[in-house]
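S.K.: Got a structure for you, questions after.
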Amino acid sequence: MDPRPPTDEHERLGEAPSDDDAWRLWGPYVSARQWGTVREDYSADGDAWAFFPFEHSHARAYRWGEDGIAGLCDRYGFLNLAVAAWNGQDDRLKERLFGLTNGEGNHGEDAKEYWWALDATPTHSWARHLYRYPQAAFPYDELRHRNACAGLEGAEVRLADTGVLDGDRFFDIVTTHAKAATDDICLLIEATNHGPDPAPLHLVPQIWFRNTWSWGRDPRRPSLRALAPKQTVAADTTVVEARHAWLGTYVLVAEGAPRILACDNETHTEAVFGPDAGPSTTAYPKDGVTRALVNGDDSGINPAGTGTKVALAYHFPHVAPGETVSVRLRLRGDHQIDRPFGASYAAVLANREREADEFYAHVIPSEVGEEDRLIARRAFAGLNWGKQLYRFSVREWLDGDPAGPPPPASRRSPGGRDNGWGHLALADVISMPDEWEYPWFATWDLAFHCVAIAHMDPGFAKNQLLLLVREWAQHPNGQLPAYEWDFGDVNPPVHAWAAWLVYRLDGARDHAFLVRVFTKLLMNFSWWLNRKDSDGSNLFEGGFLGMDNISLFDRSRDVPKGWRLEQSDATSWMAFFCLAMLRIALELSRTDKSFDGLASTFLENFFSIAEAMETFGTDDVSLWDEEDGFYYDTLVDPEGNSQPVRIRSLVGLLPLIAITNVPTWVFEELPDFVGRLRWLQRRRPDLADSLVSARAGGTITTTLSPLPSPRLQAVLRRMLDEGEFLGAHGVRSLSAAYRDGVTMEVAGTQMSMRYDPGEGSTRAFGGNSNWRGPIWFPINSLLVDALRSHAAGAHEDHVVEFPTGSGRMVGLDVVADDLDERLIGLFRVGPGGRAPATPRDHPSGPLWDVHPTFSEYFDGDTGRGCGATHQTGWTAMVAHLICVRDARDARRTARPAGR
């Protein structure tokens, strides 16, 4: 057997198993947005968007991170390099992406730009990014005004709606990173004029240090300086030297003789806060480059060519239609560069691109067709570009900086944002849901990211899952941090499920990883038991649980006083959590019998939860509604009387995902666990009725699920009904039976809601989030996975009508295959030349249709991409579906006739 890794990129991955290894030192870790984040919010009212708005970002230094377009930085974000441009029309340099804040327009938290992650390898040896830049003035004010006037019922106004891109009057700016070595990076910036007329363009790559010296905690100051011509390393080059106490010395070599614009990455105090705020701490503040290029004001540029921010300005006064202009750069850790842009430069780019092709030919099964291969590869590219540096010490943020004003008293008041999370201190590269809307991690999003990432970079996937259960992230009480806006909020407990899948995708051999994550998740499981089961009924609360406005009311804040809400989804998530922990415990018991007892513990916990889902309370009222054949949330008043919230939504479908099939080897290798299981079957049949056994082909299959066959049939009847949940492109989050709305009395109050297939018509949770009808990729992925588990287990011979009312009876594996195709089909080009998932505002044509777009969620009727239009994040689960589907299909093809 050949011991060598299958590709060069696999070899690099083998040399870089952890985030601190050399091949991972540099990557596209710069956020697309740092303004408007909680980290940068030092206000008294907690309005992060207003405290650090977009208008400040050009002239105000950030405290915790940086942002830029197609950016590159080191693992700790000290030295940053990104692309800026100016079309000669804008009122500012295009240094970062623009979008609406949460309170602006009809659909806030929305980037008003177009960009695509074209390609990337996991060690960032190769990466390519496309930014689409208008040739006309960027319509900042128009976008704000028109969205503010649109109202919730109107479609959000995007950049293409303003007309500035008509006639393809834009530049496509493609940025490529290719590593010649761990500290030698070739950068190529190419801009193509797709318009019908010549147009001017300034390409302005910028290098700068994150400001670490202005806050009173670290006085050391790094430096950038432009070297004199006689000091340059090669003829016809411009060199900027970067010196840093930790990084050491790097040089950025630029081809040709661009204009050098040096200033400091510090706040222009008078410009941001007004003349009464006092003078800036430097004569050359952060906005010096913009003022020099856009306003012709060189007063903010240091004539000595030194500072902490340097721009290299290239001017192309007449770029002809179809013409491509380019800038070549090279960032290295020393001065010894012989002919930096000679033949070796071109060879590095060509070799890394070829190696990326070889790598993904190995990652994506050979059976995958070209179109699906592109979809998967673009999804992987988005995940790699979505790795962002996240620095945040909550304790320092709560205390305030020594050089700054004291923090407001509200920060430490009861209920103050994140003031119970002072232990959290992260300085890590973390997989983000997207670059712009979420330049911060979200824990349950990250779990889905890791499943897809495991196909190409299992080491990073495992490290990400471990990071959030480390003591500097996980709360001492066991809770996992939810997201920056409120670490103490509650996300669905999907971490154990993700850890199990990542372990399996990595070859089911890294027991050390499984032990590490499992032992920390024991604390998290205990937290759920102690905090989210208030009366010990084995039914769970949890609030909105990431599903925002899926209910008639805000389940986190608007439960009637004195009542409690027993949630079908929270309880299903806990059953799901139980079974994932059980499956891990069983696996670990194979080599260490001390885990056997924990497996029995999770078995009994699951039985108790499954029993509670069927019956609870003095009146034997159930989350299950026999007449409707569906699960509902239930309100319980102080006297113990209950009222079901009869809204058919995902909360009633989630019991499907709580399933596992007990491996046959358990009955041979784990006698203690099997003994406990048999004892419960004999002595507690009321609990053990959630265990189903069936014989197939001489083998007894044992399945754990809270749904007996009649209930499974009833729930699937609803889910597979095209008039309710089954859409052409997946399972909707709310029944389409509510197209005309539904009203009911809840705890004495009349409440209404309706099915919204796309963008939400309520501001209940703000931003883009809407769970009242659209298709959400992560839940659909779990439902597909669950159907396969049901089909492989005791329900192997179970058939259902699909779609409901069609008269066509099929097995559950056929339903799962069909749903797979519907979900993947979102990104395949349809009869009109466009993929169903294409957002509404994307114009037609080859320059647009060639790029798959991974949106936050999808219209429940048409499949159109909605919400954040660059949220590869959990939508990258499509790559997982493609890879496992084709591998599964190959196994089926090889299977002997019969079964």
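We label chains A, B, ... in the order they appear in the structure tokens, count residues from 1 in each chain, and number ligands from 1 in the order shown.
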For Phe209 (chain A), please output as number ranges by chain all residues within 7 Å (counting only C-alpha atoms; exclusion window: fewer than 4 positions along the same chain).

M.R.: A: 78-80, 308-309

S.K.: Applying 12 Å and only C-alpha atoms, which residues near Leu331 (chain A) remain after dropping the ones on its own chain fewer than 4 positions away? List them as a ChimeraX atom specification.

M.R.: /A:26,72-74,79-81,177-188,207,238-242,249-255,335-337,340-341,345

S.K.: What would the file look like if the residues just selected were written as an mmCIF file, in the first residue's frame with N, CA and C atoms?

M.R.:
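Full text of result_39.cif as output:
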data_model
loop_
_atom_site.group_PDB
_atom_site.id
_atom_site.type_symbol
_atom_site.label_atom_id
_atom_site.label_comp_id
_atom_site.auth_asym_id
_atom_site.auth_seq_id
_atom_site.Cartn_x
_atom_site.Cartn_y
_atom_site.Cartn_z
ATOM 1 N N TRP A 26 -1.233 31.822 7.500
ATOM 2 C CA TRP A 26 -1.846 32.858 6.677
ATOM 3 C C TRP A 26 -3.064 32.295 5.960
ATOM 4 N N LEU A 72 -6.499 38.991 3.451
ATOM 5 C CA LEU A 72 -5.552 37.970 3.886
ATOM 6 C C LEU A 72 -4.912 38.476 5.165
ATOM 7 N N CYS A 73 -4.751 37.607 6.157
ATOM 8 C CA CYS A 73 -4.050 38.024 7.370
ATOM 9 C C CYS A 73 -3.434 36.808 8.044
ATOM 10 N N ASP A 74 -2.620 37.080 9.054
ATOM 11 C CA ASP A 74 -2.038 35.980 9.809
ATOM 12 C C ASP A 74 -3.071 35.422 10.779
ATOM 13 N N LEU A 79 -1.196 41.379 10.971
ATOM 14 C CA LEU A 79 -0.879 42.025 9.696
ATOM 15 C C LEU A 79 -1.933 41.635 8.663
ATOM 16 N N ASN A 80 -2.521 42.645 8.037
ATOM 17 C CA ASN A 80 -3.646 42.430 7.121
ATOM 18 C C ASN A 80 -3.311 42.975 5.740
ATOM 19 N N LEU A 81 -3.853 42.318 4.738
ATOM 20 C CA LEU A 81 -3.672 42.730 3.348
ATOM 21 C C LEU A 81 -4.992 42.504 2.627
ATOM 22 N N HIS A 177 -4.852 34.142 -4.211
ATOM 23 C CA HIS A 177 -3.754 33.909 -3.273
ATOM 24 C C HIS A 177 -3.158 32.540 -3.590
ATOM 25 N N ALA A 178 -1.848 32.445 -3.698
ATOM 26 C CA ALA A 178 -1.180 31.158 -3.925
ATOM 27 C C ALA A 178 0.107 31.132 -3.116
ATOM 28 N N LYS A 179 0.260 30.146 -2.253
ATOM 29 C CA LYS A 179 1.432 30.071 -1.391
ATOM 30 C C LYS A 179 2.568 29.321 -2.084
ATOM 31 N N ALA A 180 3.698 30.009 -2.202
ATOM 32 C CA ALA A 180 4.911 29.331 -2.658
ATOM 33 C C ALA A 180 5.537 28.549 -1.508
ATOM 34 N N ALA A 181 5.329 29.040 -0.304
ATOM 35 C CA ALA A 181 5.784 28.384 0.923
ATOM 36 C C ALA A 181 4.888 28.890 2.043
ATOM 37 N N THR A 182 5.150 28.422 3.241
ATOM 38 C CA THR A 182 4.275 28.816 4.348
ATOM 39 C C THR A 182 4.291 30.314 4.606
ATOM 40 N N ASP A 183 5.404 30.985 4.285
ATOM 41 C CA ASP A 183 5.509 32.427 4.511
ATOM 42 C C ASP A 183 5.858 33.162 3.227
ATOM 43 N N ASP A 184 5.431 32.629 2.107
ATOM 44 C CA ASP A 184 5.705 33.242 0.810
ATOM 45 C C ASP A 184 4.437 33.134 -0.023
ATOM 46 N N ILE A 185 3.715 34.247 -0.167
ATOM 47 C CA ILE A 185 2.392 34.218 -0.777
ATOM 48 C C ILE A 185 2.373 35.121 -2.000
ATOM 49 N N CYS A 186 2.023 34.531 -3.133
ATOM 50 C CA CYS A 186 1.860 35.278 -4.373
ATOM 51 C C CYS A 186 0.412 35.743 -4.477
ATOM 52 N N LEU A 187 0.231 37.028 -4.747
ATOM 53 C CA LEU A 187 -1.109 37.598 -4.857
ATOM 54 C C LEU A 187 -1.275 38.238 -6.221
ATOM 55 N N LEU A 188 -2.381 37.916 -6.862
ATOM 56 C CA LEU A 188 -2.674 38.461 -8.184
ATOM 57 C C LEU A 188 -4.060 39.101 -8.131
ATOM 58 N N ILE A 207 -1.945 47.279 2.922
ATOM 59 C CA ILE A 207 -1.381 46.444 3.981
ATOM 60 C C ILE A 207 -1.403 47.272 5.257
ATOM 61 N N THR A 238 8.359 47.741 -6.044
ATOM 62 C CA THR A 238 8.181 48.618 -4.885
ATOM 63 C C THR A 238 8.064 47.714 -3.666
ATOM 64 N N VAL A 239 8.743 48.061 -2.576
ATOM 65 C CA VAL A 239 8.779 47.179 -1.413
ATOM 66 C C VAL A 239 8.343 47.935 -0.168
ATOM 67 N N VAL A 240 7.450 47.286 0.598
ATOM 68 C CA VAL A 240 7.046 47.799 1.904
ATOM 69 C C VAL A 240 7.506 46.786 2.942
ATOM 70 N N GLU A 241 8.229 47.253 3.926
ATOM 71 C CA GLU A 241 8.724 46.390 4.999
ATOM 72 C C GLU A 241 7.782 46.477 6.200
ATOM 73 N N ALA A 242 7.443 45.321 6.762
ATOM 74 C CA ALA A 242 6.566 45.260 7.935
ATOM 75 C C ALA A 242 7.332 44.632 9.096
ATOM 76 N N THR A 249 9.782 40.153 10.735
ATOM 77 C CA THR A 249 9.835 41.043 9.579
ATOM 78 C C THR A 249 9.285 40.355 8.335
ATOM 79 N N TYR A 250 8.364 41.046 7.680
ATOM 80 C CA TYR A 250 7.847 40.612 6.382
ATOM 81 C C TYR A 250 8.061 41.734 5.387
ATOM 82 N N VAL A 251 8.077 41.383 4.115
ATOM 83 C CA VAL A 251 8.114 42.401 3.070
ATOM 84 C C VAL A 251 6.992 42.117 2.074
ATOM 85 N N LEU A 252 6.351 43.184 1.642
ATOM 86 C CA LEU A 252 5.381 43.111 0.554
ATOM 87 C C LEU A 252 6.035 43.715 -0.676
ATOM 88 N N VAL A 253 6.220 42.895 -1.694
ATOM 89 C CA VAL A 253 6.834 43.347 -2.937
ATOM 90 C C VAL A 253 5.730 43.558 -3.961
ATOM 91 N N ALA A 254 5.707 44.730 -4.568
ATOM 92 C CA ALA A 254 4.705 45.067 -5.575
ATOM 93 C C ALA A 254 5.385 45.320 -6.900
ATOM 94 N N GLU A 255 4.773 44.839 -7.963
ATOM 95 C CA GLU A 255 5.324 45.039 -9.295
ATOM 96 C C GLU A 255 5.145 46.493 -9.724
ATOM 97 N N HIS A 335 13.798 39.070 3.087
ATOM 98 C CA HIS A 335 14.102 39.951 1.962
ATOM 99 C C HIS A 335 14.643 39.210 0.749
ATOM 100 N N GLN A 336 14.952 37.935 0.882
ATOM 101 C CA GLN A 336 15.654 37.218 -0.178
ATOM 102 C C GLN A 336 14.665 36.750 -1.239
ATOM 103 N N ILE A 337 14.353 37.629 -2.190
ATOM 104 C CA ILE A 337 13.455 37.289 -3.292
ATOM 105 C C ILE A 337 14.194 37.549 -4.594
ATOM 106 N N PRO A 340 11.131 38.202 -8.040
ATOM 107 C CA PRO A 340 9.861 37.828 -7.405
ATOM 108 C C PRO A 340 8.719 37.613 -8.381
ATOM 109 N N PHE A 341 8.795 38.254 -9.580
ATOM 110 C CA PHE A 341 7.705 38.092 -10.547
ATOM 111 C C PHE A 341 8.191 37.437 -11.837
ATOM 112 N N TYR A 345 6.950 32.819 -10.212
ATOM 113 C CA TYR A 345 5.667 33.376 -9.769
ATOM 114 C C TYR A 345 4.515 32.716 -10.525
#

S.K.: May I have the residues within 10 Å of Asp596 (chain A) as a PyMOL selection string, using only C-alpha atoms and disregarding those fewer than 3 positions away in the same chain?

M.R.: chain A and resi 582+585-590+592-593+599-601+670-674

S.K.: Write out as a ChimeraX atom specification each polymer residue whose atoms come within 8 Å of region 416-428 of chain A, counting only C-alpha atoms; drop sequence neighbours fewer than 5 positions from it.

M.R.: /A:46,75-76,389-395,398,410-411,472-475,485-488

S.K.: Kindly export the residues of the current selection with C-alpha atoms, as an mmCIF file, in the first residue's frame.

M.R.:
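And here is the file that came out, part.cif:
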data_model
loop_
_atom_site.group_PDB
_atom_site.id
_atom_site.type_symbol
_atom_site.label_atom_id
_atom_site.label_comp_id
_atom_site.auth_asym_id
_atom_site.auth_seq_id
_atom_site.Cartn_x
_atom_site.Cartn_y
_atom_site.Cartn_z
ATOM 1 C CA GLY A 46 -26.280 48.200 23.404
ATOM 2 C CA ARG A 75 -3.655 33.559 12.231
ATOM 3 C CA TYR A 76 -3.845 36.263 14.949
ATOM 4 C CA LEU A 389 -10.419 35.539 12.784
ATOM 5 C CA TYR A 390 -12.506 36.028 15.933
ATOM 6 C CA ARG A 391 -10.889 37.925 18.795
ATOM 7 C CA PHE A 392 -12.940 38.799 21.856
ATOM 8 C CA SER A 393 -12.176 38.861 25.571
ATOM 9 C CA VAL A 394 -15.513 39.503 27.253
ATOM 10 C CA ARG A 395 -13.816 40.374 30.540
ATOM 11 C CA LEU A 398 -16.851 44.505 30.237
ATOM 12 C CA SER A 410 -25.475 49.331 32.248
ATOM 13 C CA ARG A 411 -22.788 46.910 31.122
ATOM 14 C CA TRP A 472 -12.405 29.537 27.630
ATOM 15 C CA ALA A 473 -15.572 29.141 25.529
ATOM 16 C CA GLN A 474 -17.971 26.761 27.291
ATOM 17 C CA HIS A 475 -19.568 28.281 30.391
ATOM 18 C CA TRP A 485 -25.364 39.182 20.423
ATOM 19 C CA ASP A 486 -26.266 36.995 23.399
ATOM 20 C CA PHE A 487 -23.898 34.202 24.396
ATOM 21 C CA GLY A 488 -26.431 33.068 26.966
#

S.K.: Compile the contact shell of region 106-118 of chain A as a JSON list (two decimals) with N, CA and C atoms, in the first residue's frame: residues with an atom at most 6 Å away, counting only C-alpha atoms, same-chain residues fewer than 4 positions apart removed.

M.R.:
[["chain", "number", "residue", "atom", "x", "y", "z"],
["A", 98, "PHE", "N", -20.64, 47.15, 1.81],
["A", 98, "PHE", "CA", -21.70, 47.98, 2.37],
["A", 98, "PHE", "C", -22.98, 47.16, 2.51],
["A", 99, "GLY", "N", -23.74, 47.44, 3.55],
["A", 99, "GLY", "CA", -25.04, 46.83, 3.72],
["A", 99, "GLY", "C", -25.87, 47.61, 4.70],
["A", 100, "LEU", "N", -27.13, 47.21, 4.83],
["A", 100, "LEU", "CA", -28.04, 47.89, 5.74],
["A", 100, "LEU", "C", -27.92, 47.31, 7.14],
["A", 101, "THR", "N", -28.10, 48.16, 8.12],
["A", 101, "THR", "CA", -28.13, 47.70, 9.50],
["A", 101, "THR", "C", -29.48, 47.07, 9.79],
["A", 102, "ASN", "N", -29.61, 46.49, 10.97],
["A", 102, "ASN", "CA", -30.84, 45.79, 11.32],
["A", 102, "ASN", "C", -32.06, 46.70, 11.26],
["A", 128, "ARG", "N", -9.29, 31.90, -4.44],
["A", 128, "ARG", "CA", -9.68, 32.85, -5.49],
["A", 128, "ARG", "C", -11.04, 33.44, -5.14],
["A", 129, "HIS", "N", -11.17, 34.76, -5.35],
["A", 129, "HIS", "CA", -12.34, 35.52, -4.90],
["A", 129, "HIS", "C", -12.72, 36.52, -5.99],
["A", 130, "LEU", "N", -14.04, 36.69, -6.20],
["A", 130, "LEU", "CA", -14.53, 37.65, -7.18],
["A", 130, "LEU", "C", -15.39, 38.70, -6.50],
["A", 131, "TYR", "N", -15.03, 39.97, -6.73],
["A", 131, "TYR", "CA", -15.85, 41.09, -6.26],
["A", 131, "TYR", "C", -16.31, 41.89, -7.48],
["A", 132, "ARG", "N", -17.61, 42.19, -7.54],
["A", 132, "ARG", "CA", -18.20, 42.90, -8.68],
["A", 132, "ARG", "C", -18.40, 44.36, -8.31],
["A", 147, "ASN", "N", -35.02, 51.31, 0.46],
["A", 147, "ASN", "CA", -35.38, 50.22, 1.37],
["A", 147, "ASN", "C", -36.20, 50.73, 2.55],
["A", 151, "GLY", "N", -41.24, 49.11, 2.93],
["A", 151, "GLY", "CA", -42.18, 48.42, 3.80],
["A", 151, "GLY", "C", -41.94, 46.92, 3.81],
["A", 152, "LEU", "N", -42.51, 46.26, 4.81],
["A", 152, "LEU", "CA", -42.27, 44.82, 4.95],
["A", 152, "LEU", "C", -42.82, 44.01, 3.79],
["A", 158, "ARG", "N", -31.96, 45.80, -3.89],
["A", 158, "ARG", "CA", -30.55, 45.41, -3.94],
["A", 158, "ARG", "C", -29.80, 46.30, -4.92],
["A", 159, "LEU", "N", -28.51, 46.09, -5.01],
["A", 159, "LEU", "CA", -27.67, 46.95, -5.83],
["A", 159, "LEU", "C", -28.12, 46.94, -7.28],
["A", 381, "ALA", "N", -15.45, 26.13, -1.21],
["A", 381, "ALA", "CA", -14.73, 27.41, -1.30],
["A", 381, "ALA", "C", -15.32, 28.41, -0.33],
["A", 382, "GLY", "N", -16.65, 28.48, -0.26],
["A", 382, "GLY", "CA", -17.29, 29.40, 0.66],
["A", 382, "GLY", "C", -16.96, 29.10, 2.11],
["A", 437, "GLU", "N", -22.93, 39.23, 7.14],
["A", 437, "GLU", "CA", -24.01, 39.32, 8.11],
["A", 437, "GLU", "C", -23.60, 38.77, 9.47],
["A", 767, "GLY", "N", -34.05, 41.69, 11.01],
["A", 767, "GLY", "CA", -33.10, 41.10, 10.09],
["A", 767, "GLY", "C", -33.75, 40.26, 9.01],
["A", 768, "ASN", "N", -33.04, 39.22, 8.59],
["A", 768, "ASN", "CA", -33.52, 38.37, 7.50],
["A", 768, "ASN", "C", -34.31, 37.17, 7.98]]

S.K.: How many Å separate CA of Thr701 (chain A) from CA of Val799 (chain A)?

M.R.: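 Taking CA of Thr701 (chain A) as the start and CA of Val799 (chain A) as the end point, the length is 17.3 Å.
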
S.K.: Check the smallest atom-to-atom distance from each of A:Ala137, A:Leu691, A:Cys866, A:Val174 to Gly758 (chain A) using only C-alpha atoms, then report the winner.

M.R.: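 For Gly758 (chain A), the nearest of the candidates is A:Cys866.
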
S.K.: Using the chain letters and numbers from this document, which residues of region 642-786 of chain A does DSSP assign to alpha helix (DSSP H), as a PyMOL selection string?

M.R.: chain A and resi 650-653+666-669+671-683+685-688+709-719+777-786

S.K.: Going by DSSP on the backbone, which bits of region 526-695 of chain A are strand (DSSP E or B)? Write them as a list of chain:residue names, please.

M.R.: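 So the strand (DSSP E or B) residues in region 526-695 of chain A would be A:Arg564, A:Leu565, A:Glu566, A:Phe616, A:Val621, A:Trp624, A:Asp625, A:Phe630, A:Tyr631, A:Asp633, A:Thr634, A:Leu635, A:Val636, A:Ser642, A:Gln643, A:Pro644, A:Val645, A:Ser649, A:Thr660, A:Asn661, A:Val662, A:Leu691, A:Val692, A:Ser693, A:Ala694, A:Arg695.
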